[in-house]
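Enquirer: Have a peek at protein_1.cif (mmCIF, C-alpha atoms).
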```
data_run
loop_
_atom_site.label_atom_id
_atom_site.label_comp_id
_atom_site.auth_asym_id
_atom_site.auth_seq_id
_atom_site.Cartn_x
_atom_site.Cartn_y
_atom_site.Cartn_z
CA MET A 15 13.84 -0.83 -21.71
CA GLY A 16 12.94 0.78 -25.03
CA ASP A 17 10.61 -2.12 -25.82
CA VAL A 18 8.99 -1.95 -22.39
CA LEU A 19 8.14 1.73 -22.86
CA ARG A 20 7.05 1.27 -26.48
CA HIS A 21 4.67 -1.58 -25.57
CA ALA A 22 3.36 0.40 -22.62
CA TRP A 23 2.65 3.35 -24.87
CA VAL A 24 0.76 1.16 -27.39
CA ILE A 25 -1.55 -0.22 -24.68
CA ALA A 26 -1.99 3.12 -22.94
CA ARG A 27 -2.85 4.73 -26.27
CA LYS A 28 -5.43 2.00 -26.96
CA ASP A 29 -7.04 2.62 -23.55
CA LEU A 30 -7.08 6.38 -23.97
CA VAL A 31 -8.48 6.21 -27.52
CA LEU A 32 -11.24 3.89 -26.25
CA GLU A 33 -11.92 6.26 -23.36
CA PHE A 34 -12.06 9.44 -25.43
CA ARG A 35 -14.14 7.87 -28.22
CA SER A 36 -16.85 6.51 -25.94
CA ARG A 37 -16.54 9.34 -23.39
CA THR A 38 -19.15 7.75 -21.12
CA ALA A 39 -16.73 7.19 -18.22
CA LEU A 40 -15.07 10.55 -18.69
CA VAL A 41 -18.33 12.50 -18.75
CA SER A 42 -19.67 10.56 -15.75
CA ALA A 43 -16.51 11.23 -13.75
CA ALA A 44 -16.53 14.93 -14.66
CA VAL A 45 -20.21 15.33 -13.74
CA PHE A 46 -19.56 13.43 -10.52
CA THR A 47 -16.75 15.86 -9.68
CA ALA A 48 -19.01 18.86 -10.33
CA LEU A 49 -21.70 17.29 -8.15
CA VAL A 50 -19.35 16.63 -5.23
CA LEU A 51 -18.16 20.25 -5.39
CA THR A 52 -21.80 21.37 -5.34
CA VAL A 53 -22.57 19.14 -2.39
CA PHE A 54 -19.61 20.61 -0.50
CA ASN A 55 -20.96 24.09 -1.05
CA PHE A 56 -24.12 23.19 0.85
CA GLY A 57 -22.32 21.06 3.44
CA ARG A 58 -20.72 24.05 5.14
CA ASP A 59 -21.74 27.24 6.90
CA PRO A 60 -20.41 30.07 4.69
CA THR A 61 -20.81 32.63 7.46
CA ALA A 62 -18.76 30.68 10.01
CA VAL A 63 -15.67 29.49 8.14
CA ALA A 64 -13.76 31.40 5.48
CA THR A 65 -13.84 29.55 2.15
CA VAL A 66 -10.09 29.70 1.76
CA ASP A 67 -9.65 27.69 4.98
CA LEU A 68 -11.89 24.92 3.70
CA ALA A 69 -10.89 25.08 0.05
CA PRO A 70 -7.87 22.72 0.17
CA SER A 71 -9.91 19.99 1.89
CA ILE A 72 -12.82 20.44 -0.51
CA LEU A 73 -10.53 20.22 -3.51
CA TRP A 74 -8.70 17.11 -2.31
CA VAL A 75 -11.65 15.15 -0.99
CA THR A 76 -13.34 15.76 -4.35
CA PHE A 77 -10.27 14.64 -6.28
CA THR A 78 -9.85 11.57 -4.07
CA PHE A 79 -13.42 10.47 -4.75
CA ALA A 80 -13.08 11.22 -8.46
CA ALA A 81 -9.85 9.20 -8.67
CA MET A 82 -11.47 6.27 -6.91
CA LEU A 83 -14.45 6.33 -9.25
CA ALA A 84 -12.13 6.44 -12.24
CA LEU A 85 -9.92 3.63 -10.94
CA ASN A 86 -12.89 1.35 -10.43
CA ARG A 87 -13.28 1.09 -14.18
CA ALA A 88 -9.54 0.76 -14.94
CA PHE A 89 -9.63 -2.98 -15.52
CA GLN A 90 -13.38 -3.40 -15.93
CA LEU A 91 -13.11 -2.91 -19.69
CA GLU A 92 -10.54 -5.70 -19.97
CA LEU A 93 -12.91 -8.21 -18.41
CA GLU A 94 -15.32 -8.07 -21.36
CA ASN A 95 -14.63 -10.83 -23.91
CA GLN A 96 -11.59 -11.89 -21.82
CA ALA A 97 -9.60 -8.97 -23.26
CA LEU A 98 -7.25 -9.18 -20.27
CA ASP A 99 -6.33 -12.77 -21.17
CA GLY A 100 -5.52 -11.53 -24.67
CA LEU A 101 -3.19 -8.91 -23.24
CA LEU A 102 -1.57 -11.43 -20.91
CA VAL A 103 -0.77 -13.98 -23.66
CA SER A 104 0.58 -11.30 -25.98
CA PRO A 105 4.41 -10.97 -25.98
CA ILE A 106 4.34 -7.94 -23.70
CA SER A 107 6.00 -7.81 -20.29
CA ARG A 108 3.91 -7.36 -17.17
CA THR A 109 5.88 -4.20 -16.47
CA SER A 110 4.72 -2.70 -19.78
CA LEU A 111 1.15 -3.66 -19.03
CA PHE A 112 1.24 -2.08 -15.57
CA TRP A 113 2.91 1.12 -16.74
CA ALA A 114 0.41 1.37 -19.60
CA LYS A 115 -2.51 1.06 -17.20
CA PHE A 116 -0.85 3.44 -14.76
CA PHE A 117 -0.25 6.06 -17.44
CA ALA A 118 -3.73 5.75 -18.98
CA ASN A 119 -5.34 6.06 -15.54
CA TRP A 120 -3.14 8.98 -14.64
CA VAL A 121 -4.13 10.82 -17.83
CA PHE A 122 -7.80 9.94 -17.28
CA VAL A 123 -7.83 11.20 -13.68
CA SER A 124 -5.82 14.28 -14.66
CA VAL A 125 -8.36 15.17 -17.35
CA VAL A 126 -11.17 14.85 -14.79
CA GLU A 127 -9.17 17.07 -12.40
CA ALA A 128 -8.52 19.56 -15.21
CA ILE A 129 -12.30 19.89 -15.53
CA GLY A 130 -12.76 19.97 -11.76
CA LEU A 131 -10.17 22.64 -10.97
CA PRO A 132 -11.82 25.54 -12.91
CA LEU A 133 -15.19 24.56 -11.42
CA PHE A 134 -13.61 24.63 -7.96
CA VAL A 135 -12.17 28.09 -8.62
CA LEU A 136 -15.52 29.27 -9.97
CA PHE A 137 -17.70 27.85 -7.19
CA PHE A 138 -15.53 28.85 -4.25
CA ASP A 139 -13.91 31.98 -5.63
CA VAL A 140 -10.41 30.84 -4.73
CA PRO A 141 -7.49 33.01 -5.85
CA VAL A 142 -5.30 30.66 -7.91
CA GLY A 143 -4.02 33.17 -10.47
CA GLY A 144 -0.44 33.49 -9.27
CA VAL A 145 0.02 29.91 -8.11
CA LEU A 146 -1.59 27.96 -10.94
CA LEU A 147 1.61 26.33 -12.14
CA PRO A 148 2.81 24.99 -8.75
CA LEU A 149 -0.77 23.95 -7.95
CA VAL A 150 -0.98 21.90 -11.14
CA GLY A 151 2.39 20.40 -10.25
CA VAL A 152 1.17 19.31 -6.81
CA ILE A 153 -2.01 17.88 -8.31
CA ALA A 154 0.02 15.88 -10.83
CA LEU A 155 2.35 14.61 -8.09
CA ALA A 156 -0.40 13.54 -5.69
CA THR A 157 -2.48 12.04 -8.50
CA ALA A 158 0.48 9.88 -9.54
CA GLY A 159 0.55 8.45 -6.00
CA PHE A 160 -3.21 7.83 -5.99
CA VAL A 161 -3.06 6.11 -9.36
CA ALA A 162 0.03 3.97 -8.64
CA VAL A 163 -1.66 2.16 -5.74
CA GLY A 164 -5.10 2.38 -7.32
CA THR A 165 -4.07 0.70 -10.56
CA LEU A 166 -2.52 -2.19 -8.64
CA PHE A 167 -5.60 -2.64 -6.44
CA SER A 168 -8.11 -2.26 -9.26
CA ALA A 169 -6.38 -5.17 -11.02
CA MET A 170 -7.18 -7.28 -7.94
CA VAL A 171 -10.66 -6.17 -7.03
CA ILE A 172 -12.22 -6.78 -10.45
CA ARG A 173 -12.22 -10.47 -9.67
CA THR A 174 -13.65 -10.13 -6.16
CA ARG A 175 -17.23 -9.90 -5.00
CA PHE A 176 -18.50 -6.37 -4.38
CA ALA A 177 -15.65 -4.88 -6.44
CA GLU A 178 -17.07 -1.35 -6.38
CA LEU A 179 -17.15 -1.40 -2.58
CA MET A 180 -13.91 -3.32 -2.11
CA LEU A 181 -11.74 -0.79 -3.95
CA PRO A 182 -12.54 2.20 -1.69
CA VAL A 183 -12.17 0.08 1.46
CA LEU A 184 -8.73 -1.14 0.41
CA LEU A 185 -7.57 2.01 -1.33
CA LEU A 186 -8.63 4.89 0.95
CA PRO A 187 -6.06 4.17 3.71
CA PHE A 188 -3.37 4.32 1.03
CA LEU A 189 -4.60 7.66 -0.29
CA VAL A 190 -4.33 9.36 3.09
CA PRO A 191 -0.57 10.14 3.15
CA PRO A 192 -0.59 11.80 -0.31
CA LEU A 193 -3.89 13.46 0.60
CA ILE A 194 -2.43 15.02 3.76
CA GLY A 195 0.62 16.24 1.86
CA ALA A 196 -1.45 17.63 -1.01
CA VAL A 197 -3.83 19.46 1.34
CA GLN A 198 -0.92 21.02 3.25
CA VAL A 199 0.83 22.20 0.10
CA THR A 200 -2.42 23.47 -1.45
CA ALA A 201 -3.23 25.44 1.71
CA GLN A 202 0.24 26.94 1.58
CA LEU A 203 -0.18 27.95 -2.06
CA LEU A 204 -3.68 29.38 -1.66
CA GLY A 205 -2.52 31.31 1.40
CA GLY A 206 0.11 32.98 -0.76
CA ARG A 207 2.98 31.63 1.31
CA PRO A 208 6.24 30.35 -0.24
CA LEU A 209 6.67 26.68 -1.15
CA SER A 210 10.02 26.60 0.63
CA GLU A 211 8.12 26.20 3.94
CA VAL A 212 6.58 22.93 2.81
CA THR A 213 9.53 21.11 1.23
CA GLY A 214 9.00 18.32 3.79
CA TRP A 215 5.52 17.65 2.39
CA LEU A 216 6.75 17.84 -1.20
CA ARG A 217 9.47 15.31 -0.39
CA LEU A 218 6.87 13.08 1.24
CA LEU A 219 4.69 13.24 -1.88
CA ALA A 220 7.63 12.45 -4.15
CA ALA A 221 8.81 9.62 -1.89
CA PHE A 222 5.31 8.12 -1.81
CA ASP A 223 5.13 8.20 -5.62
CA ILE A 224 8.54 6.61 -6.09
CA VAL A 225 8.10 3.93 -3.43
CA PHE A 226 4.60 2.87 -4.45
CA LEU A 227 5.20 3.04 -8.20
CA THR A 228 8.21 0.75 -7.74
CA LEU A 229 6.36 -1.56 -5.35
CA ALA A 230 3.28 -1.74 -7.60
CA THR A 231 5.45 -2.52 -10.64
CA LEU A 232 7.09 -5.37 -8.70
CA LEU A 233 3.83 -6.73 -7.28
CA PHE A 234 1.60 -6.35 -10.34
CA PRO A 235 2.65 -9.69 -11.93
CA ALA A 236 1.38 -11.48 -8.80
CA THR A 237 -2.12 -10.07 -9.40
CA VAL A 238 -2.51 -11.20 -13.01
CA ASN A 239 -0.52 -14.44 -13.29
CA GLU A 240 -2.70 -17.50 -13.19
CA MET B 14 -0.26 -33.68 20.25
CA THR B 15 -1.90 -31.88 17.34
CA LEU B 16 -1.21 -28.27 16.50
CA ALA B 17 -4.64 -27.22 17.74
CA GLN B 18 -4.02 -28.88 21.11
CA ARG B 19 -0.60 -27.34 21.45
CA GLY B 20 -2.13 -23.98 20.55
CA ARG B 21 -4.75 -24.42 23.28
CA TRP B 22 -2.00 -25.20 25.81
CA VAL B 23 -0.01 -22.14 24.87
CA THR B 24 -3.12 -19.96 24.98
CA GLY B 25 -4.16 -21.44 28.34
CA THR B 26 -0.73 -20.78 29.81
CA ALA B 27 -0.75 -17.23 28.44
CA LEU B 28 -4.22 -16.56 29.90
CA ALA B 29 -3.08 -17.82 33.30
CA LEU B 30 -0.03 -15.57 33.09
CA LEU B 31 -2.31 -12.69 32.07
CA VAL B 32 -4.03 -13.06 35.43
CA ALA B 33 -0.57 -12.79 36.99
CA VAL B 34 0.03 -9.59 34.98
CA TYR B 35 -3.19 -8.12 36.41
CA VAL B 36 -2.23 -9.07 39.96
CA ARG B 37 1.31 -7.75 39.57
CA ALA B 38 0.16 -4.53 37.93
CA LEU B 39 -2.59 -3.81 40.47
CA VAL B 40 -0.99 -5.02 43.69
CA PHE B 41 2.79 -5.15 43.37
CA THR B 42 3.50 -2.18 41.10
CA PRO B 43 3.55 1.33 42.58
CA VAL B 44 0.81 3.79 41.63
CA GLU B 45 2.05 6.42 39.20
CA ARG B 46 2.37 9.79 40.93
CA PHE B 47 0.58 12.00 38.40
CA GLN B 48 -1.89 9.68 36.68
CA GLY B 49 -2.92 7.58 39.65
CA LEU B 50 -4.75 4.30 39.05
CA ALA B 51 -5.66 5.26 35.48
CA GLN B 52 -2.08 4.52 34.47
CA LYS B 53 -2.59 0.78 35.26
CA ILE B 54 -4.22 0.28 31.86
CA PHE B 55 -0.79 1.01 30.41
CA TYR B 56 0.23 -2.58 31.21
CA LEU B 57 -2.45 -3.88 28.83
CA HIS B 58 -2.59 -1.10 26.26
CA VAL B 59 1.07 -1.02 25.28
CA PRO B 60 1.58 -4.82 25.09
CA ALA B 61 -1.63 -5.14 23.02
CA ALA B 62 -0.25 -2.50 20.66
CA TRP B 63 2.99 -4.45 20.51
CA SER B 64 1.18 -7.69 19.58
CA ALA B 65 -0.85 -5.91 16.90
CA MET B 66 2.30 -4.40 15.40
CA LEU B 67 4.06 -7.74 15.59
CA ALA B 68 1.10 -9.35 13.82
CA MET B 69 1.22 -6.79 10.99
CA GLY B 70 4.98 -7.13 10.63
CA LEU B 71 4.67 -10.90 10.35
CA VAL B 72 1.76 -10.62 7.87
CA GLY B 73 4.04 -8.51 5.68
CA LEU B 74 6.98 -10.88 6.08
CA ALA B 75 4.85 -13.96 5.39
CA SER B 76 3.39 -12.19 2.33
CA ILE B 77 6.86 -11.57 0.90
CA LEU B 78 7.87 -15.17 1.58
CA PHE B 79 4.67 -16.45 -0.03
CA LEU B 80 5.24 -14.50 -3.24
CA LEU B 81 8.86 -15.70 -3.36
CA MET B 82 8.27 -19.38 -2.58
CA LYS B 83 4.56 -19.93 -3.36
CA ASP B 84 4.35 -22.01 -0.18
CA TYR B 85 0.77 -21.97 1.16
CA ARG B 86 1.94 -22.36 4.74
CA PHE B 87 2.98 -18.70 4.61
CA ASP B 88 -0.45 -17.74 3.28
CA ARG B 89 -2.20 -19.63 6.07
CA PHE B 90 0.10 -18.07 8.63
CA ALA B 91 -0.50 -14.55 7.25
CA ALA B 92 -4.27 -15.07 7.42
CA ALA B 93 -4.02 -16.35 11.00
CA SER B 94 -1.73 -13.51 12.04
CA ALA B 95 -4.03 -10.89 10.48
CA GLU B 96 -7.08 -12.24 12.30
CA VAL B 97 -5.30 -12.37 15.64
CA GLY B 98 -3.78 -8.95 14.98
CA THR B 99 -7.24 -7.50 14.43
CA VAL B 100 -8.24 -8.63 17.92
CA PHE B 101 -5.15 -7.07 19.51
CA ALA B 102 -5.68 -3.90 17.51
CA LEU B 103 -9.24 -3.77 18.89
CA VAL B 104 -7.94 -4.23 22.45
CA MET B 105 -5.48 -1.40 21.84
CA LEU B 106 -8.15 0.86 20.32
CA THR B 107 -10.55 0.30 23.22
CA THR B 108 -8.07 0.57 26.09
CA GLY B 109 -6.50 3.68 24.51
CA PRO B 110 -9.55 5.99 24.76
CA ILE B 111 -10.39 4.67 28.25
CA TRP B 112 -6.93 5.76 29.34
CA ALA B 113 -6.96 8.99 27.31
CA LYS B 114 -10.24 10.36 28.72
CA PRO B 115 -9.10 10.88 32.34
CA ILE B 116 -5.53 11.84 31.44
CA TRP B 117 -5.84 13.96 28.31
CA GLY B 118 -9.49 14.92 28.81
CA THR B 119 -10.48 13.55 25.41
CA TRP B 120 -11.37 10.10 24.09
CA TRP B 121 -9.52 10.52 20.85
CA THR B 122 -6.94 12.77 19.29
CA TRP B 123 -5.40 12.68 15.81
CA ASP B 124 -1.90 12.23 17.12
CA ALA B 125 0.69 10.34 15.06
CA ARG B 126 0.62 7.08 16.97
CA LEU B 127 -3.16 7.00 17.41
CA THR B 128 -3.67 7.56 13.73
CA LEU B 129 -1.10 4.91 12.93
CA THR B 130 -2.87 2.32 15.06
CA LEU B 131 -6.22 3.24 13.53
CA PHE B 132 -4.71 2.61 10.10
CA LEU B 133 -3.27 -0.64 11.34
CA PHE B 134 -6.80 -1.66 12.23
CA PHE B 135 -8.18 -0.51 8.85
CA LEU B 136 -5.47 -2.48 7.06
CA PHE B 137 -6.27 -5.63 9.03
CA VAL B 138 -9.98 -5.28 8.31
CA GLY B 139 -9.34 -4.57 4.62
CA TYR B 140 -7.05 -7.58 4.46
CA LEU B 141 -9.67 -9.87 6.00
CA LEU B 142 -12.44 -8.43 3.78
CA LEU B 143 -10.32 -9.04 0.68
CA ARG B 144 -9.70 -12.64 1.75
CA GLY B 145 -13.42 -13.11 2.23
CA ALA B 146 -14.24 -11.68 -1.20
CA VAL B 147 -12.04 -13.98 -3.28
CA ALA B 148 -13.32 -17.52 -3.67
CA GLU B 149 -10.37 -19.14 -5.43
CA ALA B 150 -7.53 -20.18 -3.08
CA SER B 151 -4.54 -19.35 -5.30
CA LEU B 152 -5.98 -15.99 -6.31
CA ARG B 153 -6.83 -15.19 -2.68
CA ALA B 154 -3.31 -16.03 -1.52
CA HIS B 155 -1.70 -13.84 -4.19
CA TYR B 156 -4.04 -10.89 -3.70
CA SER B 157 -3.77 -10.87 0.06
CA ALA B 158 0.03 -11.16 -0.15
CA VAL B 159 0.11 -8.08 -2.39
CA LEU B 160 -2.09 -6.18 0.06
CA GLY B 161 -0.04 -7.39 3.05
CA ILE B 162 3.20 -6.07 1.56
CA CYS B 163 1.62 -2.75 0.53
CA GLY B 164 0.17 -2.36 4.02
CA LEU B 165 3.54 -2.84 5.65
CA VAL B 166 5.05 -0.18 3.37
CA LEU B 167 2.13 2.19 3.98
CA LEU B 168 2.50 2.34 7.77
CA PRO B 169 5.79 4.31 7.84
CA PHE B 170 4.23 6.79 5.40
CA VAL B 171 1.18 7.27 7.60
CA HIS B 172 3.40 7.75 10.64
CA LEU B 173 5.66 10.20 8.84
CA SER B 174 2.80 12.24 7.40
CA VAL B 175 0.88 12.48 10.65
CA TYR B 176 4.04 13.04 12.70
CA LEU B 177 4.47 16.43 11.05
CA PHE B 178 1.50 17.56 13.15
CA ARG B 179 2.10 18.22 16.83
CA THR B 180 1.89 15.05 18.84
CA LEU B 181 0.22 14.50 22.22
CA HIS B 182 0.97 10.84 22.79
CA PRO B 183 3.52 9.96 25.52
CA GLN B 184 6.99 9.52 24.07
CA PRO B 185 8.38 5.98 23.99
CA VAL B 186 9.60 4.88 27.42
CA VAL B 187 11.33 1.58 26.64
CA LEU B 188 12.50 1.31 23.03
CA LYS B 189 14.41 4.53 22.62
CA PRO B 190 18.08 5.44 22.22
CA SER B 191 18.67 6.46 25.86
CA ALA B 192 17.99 4.26 28.90
CA PRO B 193 14.33 3.41 29.71
CA SER B 194 12.72 6.28 31.66
CA LEU B 195 10.43 3.99 33.61
CA PRO B 196 11.11 3.02 37.26
CA GLY B 197 12.41 -0.53 37.62
CA SER B 198 9.31 -2.16 39.09
CA MET B 199 7.02 -0.62 36.47
CA LEU B 200 9.41 -1.65 33.72
CA ALA B 201 9.47 -5.22 35.04
CA THR B 202 5.66 -5.39 34.99
CA LEU B 203 5.57 -3.95 31.48
CA LEU B 204 8.18 -6.38 30.13
CA PHE B 205 6.38 -9.28 31.82
CA SER B 206 3.17 -8.16 30.12
CA PHE B 207 4.98 -7.88 26.78
CA GLY B 208 6.04 -11.50 27.14
CA VAL B 209 2.54 -12.65 28.06
CA PHE B 210 0.92 -10.82 25.13
CA THR B 211 3.48 -12.28 22.75
CA LEU B 212 2.69 -15.73 24.10
CA LEU B 213 -1.04 -15.03 23.67
CA TYR B 214 -0.37 -14.04 20.07
CA VAL B 215 1.54 -17.27 19.47
CA GLY B 216 -1.20 -19.37 21.06
CA PHE B 217 -3.99 -17.71 19.08
CA VAL B 218 -2.10 -17.98 15.80
CA MET B 219 -1.37 -21.68 16.39
CA GLN B 220 -5.06 -22.36 16.92
CA ARG B 221 -6.13 -20.24 13.99
CA TYR B 222 -3.57 -21.96 11.76
CA ALA B 223 -4.85 -25.35 12.83
CA LEU B 224 -8.39 -24.20 12.05
CA ALA B 225 -7.33 -23.15 8.54
CA LEU B 226 -5.75 -26.60 8.04
CA ALA B 227 -8.94 -28.31 9.22
CA ARG B 228 -11.06 -26.19 6.88
CA GLU B 229 -8.82 -26.96 3.92
CA ALA B 230 -8.97 -30.67 4.74
CA ARG B 231 -12.76 -30.43 4.70
CA GLY B 232 -12.50 -28.69 1.33
CA ASP B 233 -13.94 -25.28 2.10
CA GLY B 234 -10.63 -23.43 2.67
#
```
Please render this file's structure as structure tokens.

Expert:
Amino acid sequence: MGDVLRHAWVIARKDLVLEFRSRTALVSAAVFTALVLTVFNFGRDPTAVATVDLAPSILWVTFTFAAMLALNRAFQLELENQALDGLLVSPISRTSLFWAKFFANWVFVSVVEAIGLPLFVLFFDVPVGGVLLPLVGVIALATAGFVAVGTLFSAMVIRTRFAELMLPVLLLPFLVPPLIGAVQVTAQLLGGRPLSEVTGWLRLLAAFDIVFLTLATLLFPATVNE
Amino acid sequence: MTLAQRGRWVTGTALALLVAVYVRALVFTPVERFQGLAQKIFYLHVPAAWSAMLAMGLVGLASILFLLMKDYRFDRFAAASAEVGTVFALVMLTTGPIWAKPIWGTWWTWDARLTLTLFLFFLFVGYLLLRGAVAEASLRAHYSAVLGICGLVLLPFVHLSVYLFRTLHPQPVVLKPSAPSLPGSMLATLLFSFGVFTLLYVGFVMQRYALALAREARGDG
């Protein structure tokens, strides 16, 4: 177990160092997030619907799109110069490799969301002051679910035709349960109501994370073994 | 007799019996007191939903068996079942709104079971698209098995998450803990239709499986 985690950390660190040194993907994803938020501002009638009613949906649709964009490139890098083959022949378990990719993607998407959240607050004037900590917790929880399935699928779609289109088509149905839960909990938080009323949704989010992280860990070898 | 021929026989028999379902449902089953004739579509809608669910369940099961045993018969079966399931899901998704409009006054509602069946359809389509996008047979079999298993696990989550909203769909009338709440003659028609739709599923899958074999033999599997 110690080895599995150590190997995973080495690979995840490599991915994150690569990501933060080149910054192209990160900056693109952050700008994309800002653009989607801007588009949302003009896609609604501000006189008809109160912003706080729409805010949870705006936040989560934006994050869903951002996560999908980020996950598309998760394995793309490894295709260049057959880097993935190098990883696969190295004495590292498939579990380590999956957890490394999962963790690196989770950090990457979280960083994009960390840029997106203040913009969201700024653009839509949402009161998050008192609920920032639980809100960040919900974002981390839902993002883990997004990334668990997304990492597994992105390992498959890189070797298909139309990979950029295939990932959203396969992945979006899987993002809906965590999306619904996250929107419900966010609405609760922004409405200033206690979290104890939405424990069902929190349990659903946690269950989704646990079930799909386990399932993806078990199934990942089948997507990379030749 | 080849598999394709046997499949055609089963399908032919099922289609003939489907005519019998129509006749029984329209002529020999009483008209429902509140919904009138609109309720007759029930005898097609629910069995089609059953066949689609059965198809998805078997895709998931065949996917697990494929990953465990690496036997390509399971992969071929899963592909056949997914294609046939897509058709049944389409039947369910078209008969549903036709029934819903006169009874609920709306073509569509985001109720738990409607949403679930819509996702079932999306999963089938995604599964077939993925199969079409991978050229290499071994890779395609592995990828689609992974998706098949994930899809089967996703469905309870979709149901659970949407169920927390208020639901408009009729409650189950047959498969529930207490005794069926459907009058005997209606229940008989429904069960008969269940049998016929299951037979249709079997017939279609047999033919589709035979087609996959023929394609592989020709070398463009």

Enquirer: Ranking B:Leu39, B:Leu204, B:Ala223, B:Leu136 by minimum distance to Phe188 (chain A) and counting all atoms listed in the file, which one comes first?

Expert: B:Leu136

Enquirer: List every residue of chain A that has an atom at most 7 Å from any atom of chain B, and for each one report the closest atom pair and its distance in Å to one decimal, counting all atoms listed in the file, with rows sorted by chain and then by increasing residue number, as CSV.

Expert:
```
residue,atom,partner,partner_atom,distance
A:Met170,CA,B:Tyr156,CA,6.4
A:Thr174,CA,B:Val147,CA,5.1
A:Arg175,CA,B:Ala146,CA,5.2
A:Val183,CA,B:Gly139,CA,6.3
A:Leu184,CA,B:Gly139,CA,5.5
A:Pro187,CA,B:Phe132,CA,6.7
A:Phe188,CA,B:Leu167,CA,6.6
A:Pro191,CA,B:Val171,CA,5.6
A:Ile194,CA,B:Ser174,CA,7.0
A:Leu233,CA,B:Val159,CA,6.3
A:Ala236,CA,B:His155,CA,6.0
A:Thr237,CA,B:Tyr156,CA,6.1
```

Enquirer: Between A:Ala196, A:Val18, A:Ile106, A:Ile129, which is the closest to Leu218 (chain A) once you count all atoms listed in the file?

Expert: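 Going through A:Ala196, A:Val18, A:Ile106, A:Ile129 one by one, the smallest distance to Leu218 (chain A) is for A:Ala196.
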
Enquirer: I need the output of the PyMOL selection byres ((chain A and resi 164) around 10) for this file as a ChimeraX atom specification; which residues are they?

Expert: /A:81-82,84-86,88,116,119,158-163,165-170,181-182,184-186,188-189,230

Enquirer: So which one's closest to Ser71 (chain A), A:Arg20, A:Leu204, A:Thr228, A:Leu146? Using all atoms listed in the file, please.

Expert: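 With all atoms listed in the file as the atom set, the closest residue is A:Leu204.
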
Enquirer: Just to confirm, what's the straight-line distance from CA of Trp112 (chain B) to CA of Leu193 (chain A) in Å (one decimal)?

Expert: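 So the answer is 29.9 Å.
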
Enquirer: At what distance in Å, to one decimal, does CA of Phe77 (chain A) lie from CA of Thr38 (chain A)?

Expert: 18.6 Å

Enquirer: Using all atoms listed in the file, what residues lie at most 12 Å away from (-14.2, 4.1, -17.7) (file coordinates), given as a PyMOL selection string?

Expert: chain A and resi 29-44+80-92+118-119+122-123+126

Enquirer: Care to translate the PyMOL selection byres ((chain A and resi 139) around 12) into actual residues of this file, as a list in words?

Expert: Asn55, Ala64, Thr65, Val66, Leu68, Ala69, Leu131, Pro132, Leu133, Phe134, Val135, Leu136, Phe137, Phe138, Val140, Pro141, Val142, Gly143 and Leu204 of chain A

Enquirer: Put the listed atoms of region 210-226 of chain B in a box along x, y and z with 8 Å added on every side and give me the centre and edge lengths in Å to one decimal, as AutoDock Vina command-line options.

Expert:
```
--center_x -2.5 --center_y -18.7 --center_z 16.6 --size_x 27.9 --size_y 31.8 --size_z 33.1
```

Enquirer: Check the smallest atom-to-atom distance from each of A:Gly205, A:Pro70, A:Pro235, A:Gly151 to Phe54 (chain A) using all atoms listed in the file, then report the winner.

Expert: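 Closest residue, counting all atoms listed in the file: A:Pro70.
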
Enquirer: For region 26-35 of chain B, find every residue with an atom within 7 Å (counting all atoms listed in the file), except residues of its own chain fewer than 6 positions away, and show them as a CSV table (one decimal) with C-alpha atoms, in the frame of the given file.

Expert:
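The new file selection-v3.csv reads:
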```
chain,number,residue,atom,x,y,z
B,206,SER,CA,3.2,-8.2,30.1
B,209,VAL,CA,2.5,-12.6,28.1
B,212,LEU,CA,2.7,-15.7,24.1
B,213,LEU,CA,-1.0,-15.0,23.7
```

Enquirer: Written as a list of chain:residue names, which residues does the PyMOL selection byres ((chain B and resi 19) around 12) give for the file shown?

Expert: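 Checked against the file, the PyMOL selection byres ((chain B and resi 19) around 12) matches B:Met14, B:Thr15, B:Leu16, B:Ala17, B:Gln18, B:Gly20, B:Arg21, B:Trp22, B:Val23, B:Thr24, B:Gly25, B:Thr26, B:Val215, B:Gly216, B:Phe217, B:Val218, B:Met219, B:Gln220, B:Arg221, B:Tyr222, B:Ala223.
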
Enquirer: Quick one: residues within 7 Å of region 97-99 of chain B, all atoms listed in the file, excluding same-chain residues fewer than 6 positions away - as a PyMOL selection string?

Expert: chain B and resi 64-65+68-69+134+137+214+217-218

Enquirer: Just the residues within 12 Å of region 42-44 of chain B, please, counting all atoms listed in the file, with nothing from its chain fewer than 3 positions along; format it as a list in words.

Expert: Val34, Tyr35, Val36, Arg37, Ala38, Leu39, Phe47, Gln48, Gly49, Leu50, Ala51, Gln52, Lys53, Ile54, Phe55, Tyr56, Leu195, Pro196, Gly197, Ser198, Met199, Leu200, Ala201, Thr202 and Leu203 of chain B

Enquirer: Which residue gives the smallest distance to Trp113 (chain A) among A:Leu51, A:Leu209, A:Leu98, A:Leu227, with only C-alpha atoms counted?

Expert: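 Smallest separation from Trp113 (chain A) among the options: A:Leu227.
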
Enquirer: If I take CA of Ala92 (chain B) and CA of Ser76 (chain B), how far is one from the other in Å, to one decimal?

Expert: 9.6 Å

Enquirer: Find, counting only C-alpha atoms, the residue in A:Leu19, A:Val212, A:Leu102, A:Leu93 that gets nearest to Val171 (chain A).

Expert: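 The shortest atom-to-atom distance to Val171 (chain A) comes from A:Leu93.
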